[in-house]
Amino acid sequence: MISRIRYTFREMWASLSRNLTLTAAAIITSTVSLFLFGGTLLIQRAFDNQLKLWTGGVEMIVYVKHGAAADQVALIQSALTDQNVVESADYCDEVCSTAVATSLFATDQAALEQLLPQIPSFFKVKPVDKGSSELLRSLKSQFLQLPNVQDVRTPDDAVDLLSQLKDFFGVRTLVLSVVLLFASALLIWNTIRTAMFARRREIEVMKLVGATNWFIRLPFMLEGLLQGIVGATLGSGALLLVNDNWTSGVKGFPANSGLKAFVVTDGYPVWVCFWMILLGAFVGAVGSATAASRFLDV
Amino acid sequence: MIRLENATKSYSAEVTALRDANFDIAKGEFVFLVGPSGSGKSTMLRLMNRQERPEKGAVWVAGRNINDMPDSKVPHLRRNIGNIFQDYKLLSNKTVFENVAFALEVIGKPRHVIRQQVPAVLELVGLGGKTERFPHQLSGGEQQRVSIARAFVNRPLILLADEPTGNLDPATGEGIMRLLDRINKTGTTVVMATHDQRIVNMMRKRVIQFDRGVIVRDQARGVYE
């Protein structure tokens, strides 16, 4: 068993170093495609963060003044839910509101520090008819009259634009990354094919002395797998670097730029990198396994 | 050891390489397959190690009909068959030792077995002192000896040799034949395709003659006609 493992890795390494340029091309393509794939996921997440306040069916946010007493909050809640045009009104108290603000203003500590001493609690209000802007306007003016209500926010054109941008970039970058992933699988396939052709004499001898097809295939399959994993690892590193640069850059944006929350700061990028490496390994394994099976009779 | 029953092999509608071939080769026999180029000798060898399958008839090797053998079992069959070629088929980037060891390595033999068997077989073929040389540093005869060592290192039941003296001068060719004869005397069946008249006449072994895919003569202690 040990001699087989030693043989497999030795032959894999020999093959990799023999086709250096093709190996490099396959790795670079995997890197770019997986970087784009991971980038797509991060961009989607950043849009989600930006739109967090307005997604999940919440069409309106009613802010309650900082320090409002429990009975005052209860009064507002009953005023909201008594409306037969309101489907639900979920309350986020000041502790909850602080957590949300900490997440949204992760890159702007100064703004956060300014906000926290006077942080309002809020209700996420879902009207029954979410499509009626006239109803939203009417409810907004009505709720603004309630005691201890600080402000009422409804979606505006900017949010609609953000949603459109999210859809636009999300679909297109995803399609592009899938196309590039397919290209990298093809390139790995071609690399393995070339490697097998270069070693056709060895393969012929191996078959004649009784090596099994799996024994012959394995070094080639590992070669493709390694190309996929190395490509994905490089792509992941690049993605983390770019994400870090962007996050740092956003800190310098003006507070009213509307992009303060357009960042991904939790553990999500690492999770994306984990999936990128799995995907890279899968693409490499599929590309090389297909080629190794198809071109064994060289 | 080897039996052919009405074996027929065609490469196209016009080219029939072998037609209704029938013969038995016993364990330990030395058999020459003779005939002009394209007469079916090499096809016969390719049928015996399952590189080809006949359209009709059966090929039995070591008691098994290898036509019906699943592909997954073919490598195990080939571990009992050594192959020698006119062009040696050595790997130019490997030394003599590595070329021979390669045959054991790819069938999963452990390192200690390789270290024991390879020097022994290289001594047998007279290359004990040239284990670290590369093929291009050897003469044609020496390269063929490496090829024989590689074919024999796993102690196969059968050796199939396709024109092993075809690229060698007469004296070197005779040396190769003496080596094959020694291997045959250890009990290994040797089947050799050749059109080297001098060698066949010198060895006086069984001769099966082919002409356009048909066996026209099967003679014990025969000569080249």
# chains A, B, ... in the order shown; residues from 1 in each chain; ligands from 1

call {"tool": "residues_around", "arguments": {"residues": "B:Glu132", "least_positions_apart": "5", "cutoff": "12 Å", "atoms": "only C-alpha atoms", "output": "NGL selection string"}}
result
:B and (93-100 or 119 or 122 or 127 or 137-138 or 146)

call {"tool": "write_last_selection", "arguments": {"atoms": "N, CA and C atoms", "output": "short mmCIF file (atom, residue, chain, number, x, y, z; two decimals), in the first residue's frame"}}
result
data_model
loop_
_atom_site.label_atom_id
_atom_site.label_comp_id
_atom_site.auth_asym_id
_atom_site.auth_seq_id
_atom_site.Cartn_x
_atom_site.Cartn_y
_atom_site.Cartn_z
N ASN B 93 13.52 7.84 -19.79
CA ASN B 93 13.89 8.66 -18.62
C ASN B 93 14.17 7.81 -17.38
N LYS B 94 14.13 6.50 -17.52
CA LYS B 94 14.39 5.62 -16.37
C LYS B 94 15.64 4.79 -16.64
N THR B 95 16.35 4.47 -15.54
CA THR B 95 17.54 3.64 -15.67
C THR B 95 17.12 2.19 -15.94
N VAL B 96 18.13 1.35 -16.19
CA VAL B 96 17.88 -0.08 -16.40
C VAL B 96 17.11 -0.64 -15.20
N PHE B 97 17.61 -0.35 -14.01
CA PHE B 97 16.97 -0.86 -12.79
C PHE B 97 15.52 -0.35 -12.72
N GLU B 98 15.34 0.95 -12.96
CA GLU B 98 13.99 1.53 -12.84
C GLU B 98 13.03 0.98 -13.89
N ASN B 99 13.56 0.73 -15.11
CA ASN B 99 12.70 0.16 -16.14
C ASN B 99 12.15 -1.19 -15.73
N VAL B 100 13.01 -2.00 -15.14
CA VAL B 100 12.59 -3.35 -14.73
C VAL B 100 11.71 -3.26 -13.48
N PRO B 119 17.54 -7.03 -9.15
CA PRO B 119 18.96 -7.38 -9.38
C PRO B 119 19.13 -8.83 -9.85
N LEU B 122 18.28 -9.05 -13.50
CA LEU B 122 19.29 -8.35 -14.31
C LEU B 122 20.58 -9.18 -14.39
N LEU B 127 23.06 -8.21 -17.22
CA LEU B 127 23.20 -6.75 -17.10
C LEU B 127 23.41 -6.31 -15.65
N GLN B 137 22.29 4.66 -23.30
CA GLN B 137 23.70 4.32 -23.04
C GLN B 137 23.98 2.84 -23.28
N LEU B 138 22.97 2.12 -23.81
CA LEU B 138 23.12 0.68 -24.03
C LEU B 138 23.06 0.36 -25.53
N VAL B 146 17.17 -5.79 -21.40
CA VAL B 146 16.40 -5.07 -20.36
C VAL B 146 14.91 -5.37 -20.56
#

call {"tool": "select_by_dssp", "arguments": {"residues": "stretch 57-152 of chain B", "states": "strand (DSSP E)", "output": "ChimeraX atom specification"}}
result
/B:57-61,64-65,81-85

call {"tool": "select_by_dssp", "arguments": {"residues": "stretch 55-283 of chain A", "states": "alpha helix (DSSP H)", "output": "MDAnalysis selection string"}}
result
chainID A and resid 70:81 94:104 109:115 133:144 157:198 200:208 213:251 268:283

call {"tool": "interface_residues", "arguments": {"of": "chain A", "to": "chain B", "cutoff": "7 Å", "atoms": "only C-alpha atoms", "output": "short mmCIF file (atom, residue, chain, number, x, y, z; two decimals) with C-alpha atoms, in the first residue's frame"}}
result
data_model
loop_
_atom_site.label_atom_id
_atom_site.label_comp_id
_atom_site.auth_asym_id
_atom_site.auth_seq_id
_atom_site.Cartn_x
_atom_site.Cartn_y
_atom_site.Cartn_z
CA SER A 3 4.64 1.71 -2.26
CA ARG A 4 1.45 2.41 -4.23
CA GLU A 202 4.56 4.45 -20.04
CA MET A 206 1.83 -0.28 -17.55
CA LYS A 207 -1.18 -1.87 -19.21
CA LEU A 208 0.91 -4.67 -20.68
CA VAL A 209 2.53 -5.57 -17.38
CA GLY A 210 -0.86 -5.72 -15.66
CA ALA A 211 -1.43 -2.37 -13.95
CA THR A 212 -5.12 -1.80 -13.31
#

call {"tool": "residues_around", "arguments": {"residues": "stretch 28-39 of chain B", "least_positions_apart": "3", "cutoff": "7 Å", "atoms": "only C-alpha atoms", "output": "JSON, numbers by chain"}}
result
{"B": [17, 25, 184, 187, 188, 189, 190, 191, 192, 193, 194, 195, 205, 206, 207, 208, 209, 210, 211, 212, 213]}

call {"tool": "closest_residue", "arguments": {"among": "A:Arg172, A:Lys140, A:Arg199, A:Lys166", "to": "A:Phe37", "atoms": "only C-alpha atoms"}}
result
A:Arg172

call {"tool": "atom_distance", "arguments": {"atom1": "atom CA of A:Lys126", "atom2": "atom CA of A:Ser88"}}
result
5.2 Å

call {"tool": "residues_around", "arguments": {"residues": "A:Ala110", "least_positions_apart": "4", "cutoff": "10 Å", "atoms": "only C-alpha atoms", "output": "ChimeraX atom specification"}}
result
/A:105-106,114-115,251,255

call {"tool": "write_last_selection", "arguments": {"atoms": "C-alpha atoms", "output": "short mmCIF file (atom, residue, chain, number, x, y, z; two decimals), in the first residue's frame"}}
result
data_model
loop_
_atom_site.label_atom_id
_atom_site.label_comp_id
_atom_site.auth_asym_id
_atom_site.auth_seq_id
_atom_site.Cartn_x
_atom_site.Cartn_y
_atom_site.Cartn_z
CA PHE A 105 -22.04 50.39 11.20
CA ALA A 106 -19.21 47.88 11.71
CA GLN A 114 -22.61 58.88 18.12
CA LEU A 115 -25.75 56.83 17.58
CA LYS A 251 -14.61 53.39 6.25
CA ALA A 255 -21.56 58.95 6.14
#

call {"tool": "closest_residue", "arguments": {"among": "B:Gln117, B:Ser10, B:Gln197, B:Ser147", "to": "B:Pro170", "atoms": "only C-alpha atoms"}}
result
B:Gln197

call {"tool": "residues_around", "arguments": {"residues": "A:Ser103", "least_positions_apart": "5", "cutoff": "12 Å", "atoms": "only C-alpha atoms", "output": "list in words"}}
result
Ala46, Asn49, Gln50, Lys52, Leu53, Cys96, Ser97, Thr98, Asp108, Gln109, Leu112, Lys260, Ala261, Phe262, Val263, Val264, Thr265 and Asp266 of chain A

call {"tool": "atom_distance", "arguments": {"atom1": "atom CA of B:Asn167", "atom2": "atom CA of B:Ala101"}}
result
24.3 Å

call {"tool": "residues_around", "arguments": {"residues": "A:Gln44", "least_positions_apart": "3", "cutoff": "7 Å", "atoms": "only C-alpha atoms", "output": "compact mmCIF listing (two decimals) with C-alpha atoms, in the first residue's frame"}}
result
# COMPACT_ATOMS: atom_id res chain seq x y z
CA THR A 40 -20.54 37.10 -6.56
CA LEU A 41 -21.52 35.60 -3.23
CA PHE A 47 -26.37 44.05 -1.02
CA ASP A 48 -28.30 42.02 1.52
CA LYS A 166 -28.35 43.39 -6.74
CA GLY A 170 -25.95 38.87 -9.01

call {"tool": "residues_around", "arguments": {"residues": "A:Asn19", "least_positions_apart": "4", "cutoff": "8 Å", "atoms": "only C-alpha atoms", "output": "ChimeraX atom specification"}}
result
/A:15,23,191,195
